[in-house]
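One file, query_5.txt, is given below (compact mmCIF, C-alpha atoms and all ligand atoms).
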```
# COMPACT_ATOMS: atom_id res chain seq x y z
CA MET S 470 -9.46 -22.95 -15.69
CA THR S 471 -8.28 -19.41 -16.26
CA ALA S 472 -8.54 -16.96 -13.39
CA ILE S 473 -10.51 -13.74 -13.51
CA LEU S 474 -8.14 -10.75 -13.67
CA ILE S 475 -8.63 -8.19 -10.92
CA ASP S 476 -7.92 -4.90 -12.66
CA GLY S 477 -6.35 -2.45 -10.22
CA LYS S 478 -6.31 0.35 -12.80
CA ILE S 479 -10.11 0.33 -13.06
CA PHE S 480 -10.49 0.16 -9.26
CA ALA S 481 -8.00 2.97 -8.75
CA ALA S 482 -9.72 5.17 -11.35
CA ASP S 483 -13.02 4.63 -9.54
CA ILE S 484 -11.50 5.60 -6.17
CA ARG S 485 -9.87 8.70 -7.68
CA ALA S 486 -13.20 9.74 -9.23
CA ARG S 487 -14.93 9.39 -5.86
CA VAL S 488 -12.12 11.32 -4.14
CA ALA S 489 -12.36 14.11 -6.75
CA ASP S 490 -16.09 14.28 -6.19
CA HIS S 491 -15.67 14.54 -2.42
CA VAL S 492 -12.95 17.17 -2.77
CA ALA S 493 -15.21 19.26 -5.01
CA ARG S 494 -18.01 19.09 -2.40
CA LEU S 495 -15.62 20.00 0.44
CA LYS S 496 -14.55 23.07 -1.54
CA GLN S 497 -18.03 24.09 -2.53
CA ASP S 498 -19.85 23.45 0.74
CA HIS S 499 -17.12 24.19 3.29
CA GLY S 500 -14.41 26.18 1.50
CA LEU S 501 -11.95 23.40 2.33
CA THR S 502 -9.19 22.03 0.11
CA PRO S 503 -7.49 18.87 1.38
CA GLY S 504 -3.69 19.15 1.24
CA LEU S 505 -1.07 16.40 1.04
CA ALA S 506 2.61 17.02 1.84
CA VAL S 507 5.13 14.54 0.47
CA VAL S 508 8.70 14.62 1.76
CA LEU S 509 11.56 13.04 -0.16
CA VAL S 510 15.10 12.88 1.17
CA GLY S 511 17.78 12.01 -1.39
CA GLU S 512 17.82 11.23 -5.09
CA ASP S 513 16.68 7.59 -5.27
CA PRO S 514 15.26 7.39 -8.85
CA ALA S 515 12.36 5.03 -7.95
CA SER S 516 11.35 7.27 -5.04
CA GLN S 517 11.53 10.35 -7.28
CA VAL S 518 9.09 8.68 -9.71
CA TYR S 519 6.70 7.78 -6.86
CA VAL S 520 6.81 11.30 -5.45
CA ARG S 521 6.17 12.88 -8.87
CA ASN S 522 3.21 10.55 -9.45
CA LYS S 523 1.78 11.28 -6.03
CA GLY S 524 2.04 15.04 -6.63
CA LYS S 525 0.46 14.77 -10.07
CA GLN S 526 -2.47 12.62 -8.92
CA THR S 527 -3.02 14.80 -5.84
CA LYS S 528 -3.50 17.84 -8.08
CA GLU S 529 -5.63 15.92 -10.57
CA VAL S 530 -8.26 15.20 -7.90
CA GLY S 531 -8.33 18.87 -6.90
CA MET S 532 -6.25 18.69 -3.71
CA THR S 533 -3.21 20.80 -2.89
CA SER S 534 0.17 19.09 -3.21
CA PHE S 535 3.12 20.25 -1.13
CA GLU S 536 6.37 18.64 -2.27
CA HIS S 537 9.53 18.86 -0.19
CA CYS S 538 12.63 17.40 -1.85
CA LEU S 539 15.63 17.52 0.46
CA PRO S 540 19.25 16.59 -0.25
CA ALA S 541 20.49 13.14 0.83
CA ASP S 542 22.73 14.63 3.53
CA THR S 543 19.89 16.52 5.26
CA PRO S 544 20.45 16.21 9.03
CA GLU S 545 17.78 14.32 10.95
CA ALA S 546 17.04 17.37 13.07
CA GLU S 547 16.27 19.41 9.96
CA LEU S 548 13.82 16.77 8.72
CA LEU S 549 12.16 16.63 12.15
CA ALA S 550 11.84 20.43 12.12
CA LEU S 551 10.10 20.24 8.73
CA ILE S 552 7.70 17.59 10.09
CA ASP S 553 6.92 19.92 13.01
CA ARG S 554 6.08 22.76 10.61
CA LEU S 555 3.87 20.48 8.49
CA ASN S 556 2.13 19.19 11.64
CA ALA S 557 1.28 22.78 12.52
CA ALA S 558 0.24 23.88 9.00
CA PRO S 559 -3.59 24.09 8.73
CA ALA S 560 -3.52 23.60 4.93
CA VAL S 561 -1.73 20.27 5.30
CA HIS S 562 -4.06 17.37 6.18
CA GLY S 563 -1.80 14.50 5.21
CA ILE S 564 1.96 14.00 5.54
CA LEU S 565 3.90 11.26 3.80
CA VAL S 566 7.62 10.72 4.19
CA GLN S 567 8.90 8.66 1.28
CA LEU S 568 10.75 5.54 2.44
CA PRO S 569 13.47 4.37 2.50
CA LEU S 570 15.28 7.23 4.25
CA PRO S 571 19.08 7.58 4.15
CA ASP S 572 20.92 5.48 6.76
CA HIS S 573 21.85 8.42 9.02
CA ILE S 574 18.16 9.13 9.67
CA ASP S 575 16.12 7.07 12.15
CA ALA S 576 12.98 6.28 10.10
CA ASP S 577 10.93 5.23 13.15
CA LYS S 578 11.71 8.51 14.88
CA VAL S 579 10.64 10.50 11.83
CA ILE S 580 7.42 8.52 11.28
CA ASN S 581 6.47 8.82 14.93
CA ALA S 582 7.06 12.58 14.78
CA ILE S 583 4.18 12.94 12.32
CA ASP S 584 0.88 14.02 13.89
CA PRO S 585 -1.07 10.70 13.92
CA ALA S 586 -4.12 12.55 12.55
CA LYS S 587 -2.04 13.52 9.47
CA ASP S 588 -0.29 10.14 9.14
CA VAL S 589 -1.93 9.14 5.84
CA ASP S 590 0.53 6.25 5.40
CA GLY S 591 -0.75 4.73 8.66
CA PHE S 592 2.76 3.88 9.87
CA HIS S 593 2.73 5.93 13.11
CA ILE S 594 2.83 3.63 16.11
CA LEU S 595 -0.49 5.03 17.36
CA ASN S 596 -2.25 4.15 14.10
CA VAL S 597 -0.61 0.71 14.11
CA GLY S 598 -1.93 0.16 17.65
CA ARG S 599 -5.37 1.49 16.80
CA LEU S 600 -5.67 -0.85 13.82
CA ALA S 601 -4.52 -3.79 15.94
CA THR S 602 -7.07 -3.00 18.67
CA GLY S 603 -9.99 -2.35 16.33
CA GLN S 604 -10.10 1.42 16.85
CA LYS S 605 -10.52 4.09 14.19
CA ALA S 606 -7.10 4.37 12.51
CA MET S 607 -5.32 5.62 9.44
CA VAL S 608 -4.81 2.40 7.50
CA PRO S 609 -1.68 1.78 5.37
CA CYS S 610 -2.48 2.37 1.71
CA THR S 611 -1.24 -0.81 0.01
CA PRO S 612 -3.04 -3.28 2.31
CA LEU S 613 -6.13 -1.05 2.24
CA GLY S 614 -6.17 -1.31 -1.56
CA CYS S 615 -5.80 -5.09 -1.34
CA LEU S 616 -8.69 -5.29 1.13
CA MET S 617 -10.95 -3.25 -1.16
CA MET S 618 -10.24 -5.58 -4.08
CA LEU S 619 -10.84 -8.67 -1.92
CA ARG S 620 -14.15 -7.36 -0.57
CA ASP S 621 -15.29 -6.49 -4.06
CA ARG S 622 -14.38 -9.93 -5.37
CA LEU S 623 -15.55 -12.06 -2.46
CA GLY S 624 -18.10 -10.00 -0.54
CA SER S 625 -17.75 -11.14 3.07
CA LEU S 626 -14.31 -12.43 4.06
CA SER S 627 -15.71 -13.96 7.24
CA GLY S 628 -14.39 -17.45 7.90
CA LYS S 629 -12.20 -17.49 4.79
CA ARG S 630 -8.74 -18.94 5.21
CA ALA S 631 -6.22 -16.23 4.37
CA VAL S 632 -2.46 -16.61 4.08
CA VAL S 633 -0.26 -13.51 3.93
CA VAL S 634 3.29 -14.27 2.81
CA GLY S 635 5.52 -11.52 4.22
CA ARG S 636 5.44 -9.82 7.63
CA SER S 637 6.74 -6.31 6.96
CA ASN S 638 5.33 -3.38 8.90
CA ILE S 639 4.18 -1.67 5.72
CA VAL S 640 2.41 -4.56 3.97
CA GLY S 641 2.31 -8.00 5.59
CA LYS S 642 1.39 -7.12 9.19
CA PRO S 643 -1.28 -4.48 8.44
CA MET S 644 -2.71 -6.76 5.74
CA ALA S 645 -3.06 -9.53 8.32
CA GLN S 646 -4.74 -7.09 10.75
CA LEU S 647 -7.24 -5.97 8.12
CA LEU S 648 -8.10 -9.55 7.18
CA LEU S 649 -8.52 -10.42 10.85
CA ARG S 650 -10.76 -7.38 11.33
CA ASP S 651 -12.94 -8.78 8.53
CA SER S 652 -13.10 -12.14 10.39
CA ALA S 653 -10.88 -14.14 8.05
CA THR S 654 -8.77 -16.90 9.64
CA VAL S 655 -5.30 -15.52 9.08
CA THR S 656 -1.88 -17.15 8.80
CA VAL S 657 1.19 -14.95 8.36
CA ALA S 658 4.08 -16.73 6.62
CA HIS S 659 7.68 -15.48 6.35
CA SER S 660 11.21 -16.60 5.58
CA ARG S 661 11.28 -19.07 8.49
CA THR S 662 7.92 -20.68 7.70
CA GLN S 663 8.19 -24.44 7.25
CA ASP S 664 6.62 -26.07 4.22
CA LEU S 665 5.44 -22.81 2.69
CA PRO S 666 3.87 -24.60 -0.33
CA ALA S 667 1.50 -26.54 1.98
CA VAL S 668 0.66 -23.38 3.94
CA CYS S 669 -0.18 -21.54 0.71
CA ARG S 670 -2.27 -24.46 -0.60
CA GLY S 671 -4.61 -24.05 2.38
CA ALA S 672 -5.48 -20.47 1.43
CA ASP S 673 -8.81 -19.28 0.04
CA ILE S 674 -7.12 -15.86 -0.03
CA LEU S 675 -3.40 -15.68 -0.77
CA VAL S 676 -1.59 -12.36 -0.43
CA ALA S 677 2.03 -12.36 -1.56
CA ALA S 678 4.21 -9.52 -0.24
CA VAL S 679 7.74 -10.85 -0.33
CA GLY S 680 9.82 -9.11 -3.00
CA ARG S 681 11.08 -12.28 -4.74
CA PRO S 682 10.24 -12.57 -8.43
CA ALA S 683 7.69 -15.29 -9.28
CA MET S 684 8.50 -17.34 -6.16
CA ILE S 685 4.93 -18.67 -5.77
CA PRO S 686 4.05 -21.07 -8.59
CA GLY S 687 0.58 -22.25 -9.55
CA GLY S 688 1.26 -25.56 -7.79
CA TRP S 689 1.19 -23.75 -4.42
CA ILE S 690 -2.25 -22.28 -5.05
CA LYS S 691 -5.56 -23.84 -4.00
CA PRO S 692 -7.81 -24.20 -7.05
CA GLY S 693 -10.23 -21.27 -7.16
CA ALA S 694 -8.33 -19.17 -4.59
CA THR S 695 -8.20 -15.38 -4.81
CA VAL S 696 -4.59 -14.28 -5.24
CA ILE S 697 -3.36 -10.77 -4.49
CA ASP S 698 0.19 -10.17 -5.70
CA VAL S 699 1.76 -7.17 -3.95
CA GLY S 700 5.30 -7.85 -5.17
CA ILE S 701 6.98 -5.47 -7.58
CA ASN S 702 10.21 -6.93 -8.91
CA ARG S 703 12.25 -5.71 -11.84
CA VAL S 704 13.81 -8.55 -13.83
CA PRO S 705 15.86 -8.69 -17.04
CA ALA S 706 13.76 -8.95 -20.22
CA PRO S 707 16.17 -9.86 -23.03
CA GLU S 708 13.13 -10.55 -25.29
CA LYS S 709 12.50 -6.77 -25.25
CA GLY S 710 16.07 -6.00 -26.26
CA GLU S 711 19.48 -5.83 -24.68
CA GLY S 712 19.56 -4.37 -21.17
CA LYS S 713 15.74 -4.11 -21.03
CA THR S 714 13.76 -5.03 -17.92
CA ARG S 715 10.16 -5.72 -16.97
CA LEU S 716 8.13 -5.86 -13.77
CA VAL S 717 6.92 -9.13 -12.30
CA GLY S 718 5.15 -10.00 -9.07
CA ASP S 719 5.95 -12.50 -6.34
CA VAL S 720 3.52 -14.94 -7.94
CA ASP S 721 4.41 -16.84 -11.11
CA PHE S 722 1.54 -15.41 -13.13
CA GLU S 723 1.68 -17.87 -16.04
CA THR S 724 1.10 -20.94 -13.86
CA ALA S 725 -1.01 -19.23 -11.18
CA VAL S 726 -3.58 -17.94 -13.66
CA GLU S 727 -4.39 -21.57 -14.57
CA VAL S 728 -5.28 -22.49 -10.97
CA ALA S 729 -6.53 -19.39 -9.14
CA GLY S 730 -10.13 -18.21 -9.25
CA ALA S 731 -9.06 -14.57 -9.46
CA ILE S 732 -5.67 -12.87 -9.51
CA THR S 733 -4.14 -9.40 -9.64
CA PRO S 734 -1.64 -8.88 -12.47
CA VAL S 735 1.72 -7.12 -12.08
CA PRO S 736 1.84 -4.41 -13.22
CA GLY S 737 -1.74 -3.10 -13.12
CA GLY S 738 -2.99 -4.87 -10.00
CA VAL S 739 -2.17 -3.68 -6.50
CA GLY S 740 0.26 -0.96 -7.63
CA PRO S 741 -2.27 1.62 -8.91
CA MET S 742 -4.39 1.17 -5.77
CA THR S 743 -1.70 2.44 -3.41
CA ILE S 744 -1.70 6.09 -4.52
CA ALA S 745 -5.50 6.06 -4.92
CA CYS S 746 -5.84 4.94 -1.29
CA LEU S 747 -3.35 7.60 -0.22
CA LEU S 748 -5.59 10.26 -1.78
CA ALA S 749 -8.63 8.70 -0.10
CA ASN S 750 -6.83 8.72 3.28
CA THR S 751 -6.00 12.42 2.83
CA VAL S 752 -9.66 13.27 2.29
CA THR S 753 -10.53 11.19 5.36
CA ALA S 754 -7.90 13.09 7.40
CA CYS S 755 -9.28 16.42 6.19
CA CYS S 756 -12.86 15.45 7.12
CA ARG S 757 -11.84 14.18 10.56
CA ASP S 758 -9.83 17.38 11.16
CA SER S 759 -12.88 19.49 10.35
CA GLY S 760 -15.44 17.31 12.14
CA LEU S 761 -17.20 16.50 8.86
CA PRO S 762 -18.60 13.12 7.83
CA GLU S 763 -15.95 10.87 6.32
CA PRO S 764 -16.18 9.38 2.83
CA GLU S 765 -17.57 5.81 2.76
P1 LIG J 1 10.12 -6.52 3.01
O1 LIG J 1 11.42 -6.86 2.40
O2 LIG J 1 10.05 -5.51 4.07
O3 LIG J 1 9.45 -7.87 3.59
C1 LIG J 1 9.51 -9.06 2.87
C2 LIG J 1 8.89 -10.17 3.67
O4 LIG J 1 8.98 -11.36 2.89
C3 LIG J 1 9.59 -10.44 4.99
O5 LIG J 1 8.63 -10.60 6.01
C4 LIG J 1 10.35 -11.74 4.74
O6 LIG J 1 10.42 -12.59 5.86
C5 LIG J 1 9.49 -12.40 3.70
N1 LIG J 1 10.29 -13.33 2.90
C6 LIG J 1 11.48 -13.13 2.30
N2 LIG J 1 11.88 -14.24 1.67
C7 LIG J 1 10.94 -15.18 1.89
C8 LIG J 1 10.79 -16.54 1.50
N3 LIG J 1 11.71 -17.16 0.77
N4 LIG J 1 9.70 -17.19 1.90
C9 LIG J 1 8.73 -16.58 2.64
N5 LIG J 1 8.82 -15.30 3.03
C10 LIG J 1 9.91 -14.60 2.66
O7 LIG J 1 9.17 -6.17 1.78
P2 LIG J 1 7.83 -5.25 1.70
O8 LIG J 1 6.77 -5.85 2.55
O9 LIG J 1 8.19 -3.83 1.87
O10 LIG J 1 7.47 -5.45 0.16
C11 LIG J 1 7.15 -6.71 -0.37
C12 LIG J 1 6.96 -6.59 -1.87
O11 LIG J 1 5.86 -5.74 -2.12
C13 LIG J 1 8.14 -5.96 -2.61
O12 LIG J 1 8.24 -6.55 -3.89
C14 LIG J 1 7.73 -4.50 -2.76
O13 LIG J 1 8.32 -3.88 -3.88
C15 LIG J 1 6.24 -4.65 -2.95
N6 LIG J 1 5.46 -3.47 -2.55
C16 LIG J 1 4.50 -3.04 -3.42
C17 LIG J 1 3.72 -1.96 -3.11
C18 LIG J 1 2.66 -1.55 -4.07
O14 LIG J 1 2.25 -0.42 -4.08
N7 LIG J 1 2.14 -2.47 -4.89
C19 LIG J 1 3.91 -1.20 -1.87
C20 LIG J 1 4.89 -1.77 -0.98
C21 LIG J 1 5.64 -2.87 -1.34
P3 LIG J 1 11.29 -12.24 7.19
O15 LIG J 1 10.47 -11.23 7.93
O16 LIG J 1 11.37 -13.54 7.88
O17 LIG J 1 12.60 -11.71 6.70
```

Now, as a test, write the supplied structure out as C-alpha cells.
Ligand code: NDP
Amino acid sequence: MTAILIDGKIFAADIRARVADHVARLKQDHGLTPGLAVVLVGEDPASQVYVRNKGKQTKEVGMTSFEHCLPADTPEAELLALIDRLNAAPAVHGILVQLPLPDHIDADKVINAIDPAKDVDGFHILNVGRLATGQKAMVPCTPLGCLMMLRDRLGSLSGKRAVVVGRSNIVGKPMAQLLLRDSATVTVAHSRTQDLPAVCRGADILVAAVGRPAMIPGGWIKPGATVIDVGINRVPAPEKGEGKTRLVGDVDFETAVEVAGAITPVPGGVGPMTIACLLANTVTACCRDSGLPEPE
C-alpha cells in the first residue's frame, strides 16, 4: 500500500485565497485593513527567513505588515514597551513575537504582555486556558493547520484514537487539546513514554512533533493510519554535494508511506500551513475587534 500524500502547499494556497477574499471585503465594506506586527529580536538566520516570509505573505493577501527587527541585546523592558505600543495601536490586529528570544529575555513575560485579543500565535496564557476549557480562543497556528488537514482527510475525528508525540506548549499540547475538542481519544507521548512503538501502533491518527529526524519508522504505524509529521529537521545530504543539507520530518517517510493511509510530506506538508493559519488568525482578530462576523 502507498499512502495518499496530504499536500500542505495546496491547502495553504486555498486558505490564503480565502483570507485575501475576506480582506478585500473588509476593505470594501468596512474600510478596514487587518494588520499584523511581527517582532524579531536578534539575528538568528532561520528566524529572519520566517519573519521575511510572514511579512511577504501578509502583504500578498492585502493586509498591512509591521516588521520590528531589534538587536539581540535589546533590553527586556524595551521589548515590553514596544508590545505596549502595539497593543494600543488600532491598525495592529495581530502581534507575533518570533521565538526563540535571547536568553536575557523572559519569553513567558513577553508573550503574556501581548493583548490576548491580538495574540495570533495563541500562546498567551489566557488563550491557552480558553482552548483547554472549550471557550473561544486564538488557536496556535501549527496545530490549527494540522487539525484542518485531519478534518479534511477524515471528516469527523470523533472516537478516533489519536497519539501526539511531543508535549511542547507550541505544538504537542495545543494539538492534543484540539483533538480532544473534536472528540478524539487522545494520548500524549513524550521522552519518558514507555514502549513508544506500541503506543504509536494504536493510533488511527499519529501526530509527530518531536524534532528528531526520521525517528518514527513505518513499523510503528498502524496500517491505514493518518500521519501528520510536524518535525522539521535539517540533515546532511552528501548525495546533493559536499556540505549540502536537506529537510526531513520526525517520521521516516520512506517506510511510513508504505504503511500509512495518508501522510504529510516534509517539506510541503505542515510547514506551509503555519503561516497561512497565522494570516487567518489575524483576520479573525480583526473581525472580533470590530464586532464583525468571523471567517468560517
Ligand atoms: P520541543 O523541543 O519543544 O518539544 C519536543 C517534544 O518531543 C518534547 O515534548 C519531548 O519530550 C519530545 N521528545 C523528545 N525526544 C523524544 C523521544 N525520543 N521520544 C518521544 N518524545 C520525545 O519541540 P517543538 O514542539 O517546538 O517542535 C517539534 C518539531 O516540530 C521540531 O522539529 C520543530 O522544528 C517542528 N516545528 C514545525 C513547525 C511547522 O511550522 N511545521 C512549527 C513548530 C515546530 P519531553 O517533553 O519529555 O522532553

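Between CA of Lys713 in chain S and CA of Gly737 in chain S there is a distance of 19.2 Å.
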
What do you get as an MDAnalysis selection string if you pick all residues at most 10 Å from ligand LIG 1 (chain J), counting all atoms listed in the file? chainID S and resid 519 568:569 609:612 614:615 633:642 657:666 677:682 684:685 697:703 716:719 735:744

Produce the centre coordinates and the three edge lengths, each in Å to one decimal, of the box along x, y and z that contains all listed atoms of range 529-541 of chain S with 4 Å added on each side, as AutoDock Vina command-line options.
```
--center_x 6.1 --center_y 17.0 --center_z -4.9 --size_x 36.8 --size_y 15.7 --size_z 19.4
```

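Counting all atoms listed in the file, range 647-649 of chain S has the following residues at most 9 Å away, ignoring those fewer than 5 positions along the same chain: Leu600, Ala601, Val608, Pro612, Leu613, Leu616, Leu626, Ser627, Ala631, Lys642, Thr654 and Val655 of chain S.
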
For range 496-500 of chain S, work out the shell of residues within 12 Å, counting only C-alpha atoms and skipping chain neighbours fewer than 5 positions away, then give it as a PyMOL selection string. chain S and resi 489-491+530-533+560+752+755-756+759-761

Would you mind reading off the distance between CA of Asp572 in chain S and CA of Pro544 in chain S, one decimal, in Å? 11.0 Å

My list of candidates is S:Leu474, S:Ile732, S:Leu549, S:Ala606. Which is closest to Ile583 in chain S when distances are computed with all atoms listed in the file?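 Comparing S:Leu474, S:Ile732, S:Leu549, S:Ala606 against Ile583 in chain S, the winner is S:Leu549.
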
Enter the distance from CA of Val518 in chain S to CA of Glu708 in chain S, in Å, rounded to one decimal.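 Here the two named atoms are 25.1 Å from each other.
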
Which polymer residues have any atom within 10 Å of an atom of Arg622 in chain S, counting all atoms listed in the file, with same-chain residues fewer than 2 positions away left out, as a list in words? Ile473, Ile475, Leu616, Met617, Met618, Leu619, Arg620, Gly624, Ser625, Leu626, Thr695 and Ala731 of chain S

Writer output for current selection, C-alpha atoms, as a PDB file, keeping the file's coordinate frame:
```pdb
ATOM      1  CA  ILE S 473     -10.510 -13.740 -13.510  1.00  0.00           C
ATOM      2  CA  ILE S 475      -8.630  -8.190 -10.920  1.00  0.00           C
ATOM      3  CA  LEU S 616      -8.690  -5.290   1.130  1.00  0.00           C
ATOM      4  CA  MET S 617     -10.950  -3.250  -1.160  1.00  0.00           C
ATOM      5  CA  MET S 618     -10.240  -5.580  -4.080  1.00  0.00           C
ATOM      6  CA  LEU S 619     -10.840  -8.670  -1.920  1.00  0.00           C
ATOM      7  CA  ARG S 620     -14.150  -7.360  -0.570  1.00  0.00           C
ATOM      8  CA  GLY S 624     -18.100 -10.000  -0.540  1.00  0.00           C
ATOM      9  CA  SER S 625     -17.750 -11.140   3.070  1.00  0.00           C
ATOM     10  CA  LEU S 626     -14.310 -12.430   4.060  1.00  0.00           C
ATOM     11  CA  THR S 695      -8.200 -15.380  -4.810  1.00  0.00           C
ATOM     12  CA  ALA S 731      -9.060 -14.570  -9.460  1.00  0.00           C
TER      13      ALA S 731
END
```

From the set S:Val589, S:Ala493, S:Val704, S:Ile552, which residue has the shortest atom-to-atom contact distance to Ala745 in chain S, counting only C-alpha atoms?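 Smallest distance to Ala745 in chain S is found for S:Val589.
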
Using only C-alpha atoms, pick whichever of S:Asp590, S:Asp673, S:Glu765, S:Asp758 has the shortest atom-to-atom distance to Val728 in chain S.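 Answer, going by the shortest atom-to-atom distance: S:Asp673.
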
Under the rule that only C-alpha atoms are counted, which of S:Asp575, S:Phe535, S:Leu747, S:Gly712 is the nearest residue to Asp588 in chain S?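 Checking each candidate against Asp588 in chain S, we get S:Leu747 as the closest.
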
Closest to Pro692 in chain S among S:Glu711, S:Asp621, S:Glu727, S:Asp651, using all atoms listed in the file? S:Glu727
